[in-house]
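Notes for the one structure printed next.
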Amino acid sequence: MTYLCIDIGATKTFVGIGERGFEFITKIKTDKFLDEPNLEELPMDDIKKAVIAVPGPLDRENGVIYPPNIPDKKVDMVELLSSDIDTFFLVNDCSAGVVGEYVFGDVRASNMVYITISSGIGAGVIIEDNLIEGRMGNFAEIGHIKVGGDRRCGCGGEGHWESYCSGDNLPEFALELTGKEFKDSEELFLKYREANSAAKKTIEKMKEYNAAGISNVVNAYSPEVIVLGGGVAVNHPEVITSDLESMLEKDVICEMPEIAVASLDDRSVLFGLLAFCQLDEKTDILKSQDTSIRPLRHDS
Ligand SMILES: [Zn+2]
């Protein structure tokens, strides 16, 4: 049996095909993939199980996703892919991310929270070796934790963590805070390294808000490890992690977790999907929602 793993991100979609590992991985722009998937260009022979990760809301029962950054769009993944595939499973991308790091990553821990800081902010949670999901697999929208201030969030709320610190929102936050324009978050980090004062002021505020958000997550779950993933974290790990532990200490009331950066880089989600595929093949996880992943644990 061959597995099809699809990580649908805000702007790019990773497609991985394989069995024990990936034999084929490609990256496609998300809008192109959803509008004209061109599956005939992919080695789709003998695929029996498709597992799909998406950051936005998902309807696991009906195999339907509502892609991020494309308002009012609804995609029936079963229809889009093929009727020949026996099993489809939809999962929140951060849930897949934590499973990827837990099964294939460098850090071993029974209690792990994966936090993505990318176009948005979200989390995947494993407690006592079990994946914790919310209703119908929609969960851990920690980007909407209130961290202070009144900056308007994309969701309509105010003072939410991702309204300041996500890759999409950082440039606008910088403009509001300093009056200086940065074309994207990459330029902001570049200018920070060049000791630009507006970039420095923004990044320092970002670090405060990140510490506020992460301390809430630590107090909620008391994980052994926080794994930071997503483009902003994996591209700028030294900026994101420096001083973080000392900043967390004043608000964290449980034992401090280890802070790590995703060892699978931007592939944590894709490898998490592979781990889901390698669950007991007889289990229809779409129906049973049996997401216990204990059997996959490596003890190395
Ligand atoms: Zn919000």
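Numbering starts fresh at 1 for the residues of each chain in the structure tokens, the chains themselves are lettered A, B, ... in the order given, and ligands are numbered from 1 as they appear.
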
Practice problem: Run DSSP on the backbone and give me the residues of stretch 1-148 of chain A it puts in strand (DSSP E), as number ranges by chain. | Solution: A: 2-8, 12-18, 22-29, 47-54, 58-59, 64-65, 75-76, 87-92, 112-117, 121-127, 130-132

Quiz item: If you run DSSP on this backbone, which residues of stretch 109-284 of chain A come out as helix (DSSP H, G or I), and could you give them as a PyMOL selection string?
Solution: chain A and resi 135-137+142-144+161-165+170-178+185-193+197-221+231-235+237-241+244-249+265-277

Quiz item: Given a cut-off of 6 Å, what residues near ligand 1 show up using only C-alpha atoms and all ligand atoms, put as number ranges by chain?
Solution: A: 144, 153-155, 157, 160

Mind dumping a table of every stretch 105-131 of chain A residue within 10 Å of stretch 161-164 of chain A, with the nearest atom pair and its distance in Å to one decimal, using only C-alpha atoms, sorted by chain and rising number, as a Markdown table?
| residue | atom | partner | partner_atom | distance |
| --- | --- | --- | --- | --- |
| A:Ile117 | CA | A:Glu162 | CA | 8.3 |
| A:Ser118 | CA | A:Glu162 | CA | 9.3 |
| A:Ser119 | CA | A:Glu162 | CA | 8.6 |
| A:Gly120 | CA | A:Glu162 | CA | 6.0 |
| A:Ile121 | CA | A:Glu162 | CA | 5.7 |
| A:Gly122 | CA | A:Glu162 | CA | 8.8 |

Practice problem: Give the answer as one residue: which of A:Ala174, A:Leu228, A:Val147, A:Ile65 has the shortest atom-to-atom distance to A:Ser268, using only C-alpha atoms? | Solution: A:Leu228

Self-check item: Selection: 9 Å around stretch 245-259 of chain A, only C-alpha atoms, excl. self and same-chain fewer than 3 positions, as a PyMOL selection string
Solution: chain A and resi 207-208+211-212+214-216+218-219+222-228+241-242

Write out as a short mmCIF file (atom, residue, chain, number, x, y, z; two decimals) with N, CA and C atoms, in the first residue's frame which residues come within 8 Å of stretch 269-280 of chain A when counting only C-alpha atoms, dropping same-chain ones fewer than 6 positions away.
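To be explicit, this is the file written out as part22.cif:
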data_model
loop_
_atom_site.label_atom_id
_atom_site.label_comp_id
_atom_site.auth_asym_id
_atom_site.auth_seq_id
_atom_site.Cartn_x
_atom_site.Cartn_y
_atom_site.Cartn_z
N TYR A 3 0.98 5.52 0.48
CA TYR A 3 0.26 6.57 1.18
C TYR A 3 0.44 7.91 0.48
N CYS A 5 0.25 11.86 1.40
CA CYS A 5 0.21 12.81 2.51
C CYS A 5 0.22 14.23 1.96
N ILE A 6 -0.72 15.02 2.38
CA ILE A 6 -0.84 16.38 1.84
C ILE A 6 -0.93 17.38 2.98
N ASP A 7 0.02 18.30 3.01
CA ASP A 7 0.05 19.36 4.02
C ASP A 7 -0.36 20.66 3.33
N PHE A 14 2.55 20.88 0.57
CA PHE A 14 3.51 19.79 0.37
C PHE A 14 2.73 18.52 0.06
N VAL A 15 3.19 17.78 -0.93
CA VAL A 15 2.61 16.48 -1.22
C VAL A 15 3.72 15.45 -1.07
N GLY A 16 3.48 14.43 -0.25
CA GLY A 16 4.46 13.35 -0.08
C GLY A 16 3.81 12.02 -0.39
N GLU A 19 5.73 4.89 1.51
CA GLU A 19 5.18 3.89 2.43
C GLU A 19 5.95 3.92 3.74
N ARG A 20 7.14 3.30 3.78
CA ARG A 20 7.92 3.36 5.03
C ARG A 20 8.51 4.76 5.20
N GLY A 21 8.90 5.35 4.12
CA GLY A 21 9.36 6.74 4.11
C GLY A 21 8.79 7.38 2.85
N LYS A 49 -4.52 5.10 0.93
CA LYS A 49 -4.83 5.93 2.09
C LYS A 49 -4.30 7.34 1.86
N ALA A 50 -5.18 8.34 2.06
CA ALA A 50 -4.77 9.73 1.92
C ALA A 50 -4.99 10.45 3.24
N VAL A 51 -3.99 11.15 3.69
CA VAL A 51 -4.10 11.87 4.96
C VAL A 51 -3.75 13.33 4.67
N ILE A 52 -4.62 14.20 5.12
CA ILE A 52 -4.52 15.61 4.72
C ILE A 52 -4.51 16.50 5.95
N ALA A 53 -3.54 17.41 6.01
CA ALA A 53 -3.47 18.37 7.12
C ALA A 53 -3.84 19.75 6.60
N ASP A 93 -3.28 20.80 11.09
CA ASP A 93 -1.85 20.72 10.74
C ASP A 93 -0.93 20.68 11.96
N CYS A 94 -1.33 21.35 13.03
CA CYS A 94 -0.45 21.35 14.22
C CYS A 94 -0.52 20.00 14.94
N SER A 95 -1.67 19.33 14.86
CA SER A 95 -1.75 17.98 15.42
C SER A 95 -0.79 17.07 14.65
N ALA A 96 -0.78 17.22 13.31
CA ALA A 96 0.17 16.44 12.51
C ALA A 96 1.60 16.85 12.85
N GLY A 97 1.82 18.13 13.08
CA GLY A 97 3.17 18.62 13.39
C GLY A 97 3.72 18.00 14.66
N VAL A 98 2.88 17.92 15.70
CA VAL A 98 3.37 17.36 16.97
C VAL A 98 3.62 15.86 16.82
N VAL A 99 2.78 15.19 16.03
CA VAL A 99 2.98 13.75 15.81
C VAL A 99 4.28 13.52 15.03
N GLY A 100 4.54 14.38 14.03
CA GLY A 100 5.78 14.27 13.26
C GLY A 100 7.00 14.40 14.14
N GLU A 101 7.01 15.41 15.00
CA GLU A 101 8.17 15.62 15.88
C GLU A 101 8.28 14.52 16.93
N VAL A 103 7.25 11.34 16.68
CA VAL A 103 7.63 10.04 16.11
C VAL A 103 9.00 10.10 15.43
N PHE A 104 9.26 11.15 14.65
CA PHE A 104 10.47 11.18 13.82
C PHE A 104 11.48 12.25 14.25
N THR A 291 -6.92 8.09 17.46
CA THR A 291 -5.67 8.79 17.15
C THR A 291 -4.59 8.48 18.18
N ILE A 293 -1.37 7.18 19.40
CA ILE A 293 -0.19 6.92 18.56
C ILE A 293 0.89 6.17 19.33
N PRO A 295 1.67 3.07 19.64
CA PRO A 295 2.42 2.00 18.99
C PRO A 295 3.56 2.50 18.12
N LEU A 296 3.56 3.75 17.76
CA LEU A 296 4.59 4.26 16.86
C LEU A 296 5.81 4.75 17.60
#

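Relative to atom CA of A:Cys165, atom CA of A:Gly105 is found at 25.0 Å.
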
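Taking atom CA of A:Glu23 as the reference point, atom CA of A:Glu41 is found at 14.7 Å.
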
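Between A:Gly149 and the candidates A:Ala220, A:Leu4, A:Leu42, A:Leu177, the tightest atom-to-atom separation, counting only C-alpha atoms, involves A:Leu177.
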
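Candidate residues A:Gly63, A:Pro171, A:Gly159, A:Gly231 were compared for distance to A:Phe88, and the nearest is A:Gly63, using only C-alpha atoms.
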
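Taking atom CA of A:Asp76 and atom CA of A:Ala140 as endpoints, the distance between them is 23.1 Å.
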
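Restricting the calculation to only C-alpha atoms, the smallest distance between A:Thr13 and any of A:Pro68, A:Gly134, A:Met1, A:Ile47 is found for A:Pro68.
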
Exercise. Select, from A:Asn235, A:Asn196, A:Asn111, A:Thr116, the residue with the minimum atom-to-atom distance to A:Ile142, counting only C-alpha atoms.
Key: A:Thr116

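Close contacts of A:Asn138, defined as residues with an atom at most 7 Å away when counting only C-alpha atoms, with chain neighbours fewer than 3 positions off set aside, comprise Pro57, Leu58, Asn92, Glu133, Gly134 and Arg135 of chain A.
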
Could you write out the selected residues, including N, CA and C atoms, as a short mmCIF file (atom, residue, chain, number, x, y, z; two decimals), in the first residue's frame?
data_model
loop_
_atom_site.label_atom_id
_atom_site.label_comp_id
_atom_site.auth_asym_id
_atom_site.auth_seq_id
_atom_site.Cartn_x
_atom_site.Cartn_y
_atom_site.Cartn_z
N PRO A 57 -10.45 25.43 9.61
CA PRO A 57 -11.47 24.48 10.06
C PRO A 57 -11.57 23.29 9.11
N LEU A 58 -11.88 22.14 9.67
CA LEU A 58 -12.07 20.97 8.84
C LEU A 58 -13.32 20.22 9.31
N ASN A 92 -5.88 18.51 11.82
CA ASN A 92 -5.34 19.86 11.99
C ASN A 92 -3.82 19.81 11.76
N GLU A 133 -6.97 16.06 20.85
CA GLU A 133 -7.62 16.88 19.84
C GLU A 133 -8.93 17.43 20.37
N GLY A 134 -9.36 18.51 19.81
CA GLY A 134 -10.68 19.05 20.14
C GLY A 134 -11.77 18.38 19.31
N ARG A 135 -12.96 18.90 19.40
CA ARG A 135 -14.10 18.29 18.70
C ARG A 135 -13.83 18.21 17.19
#
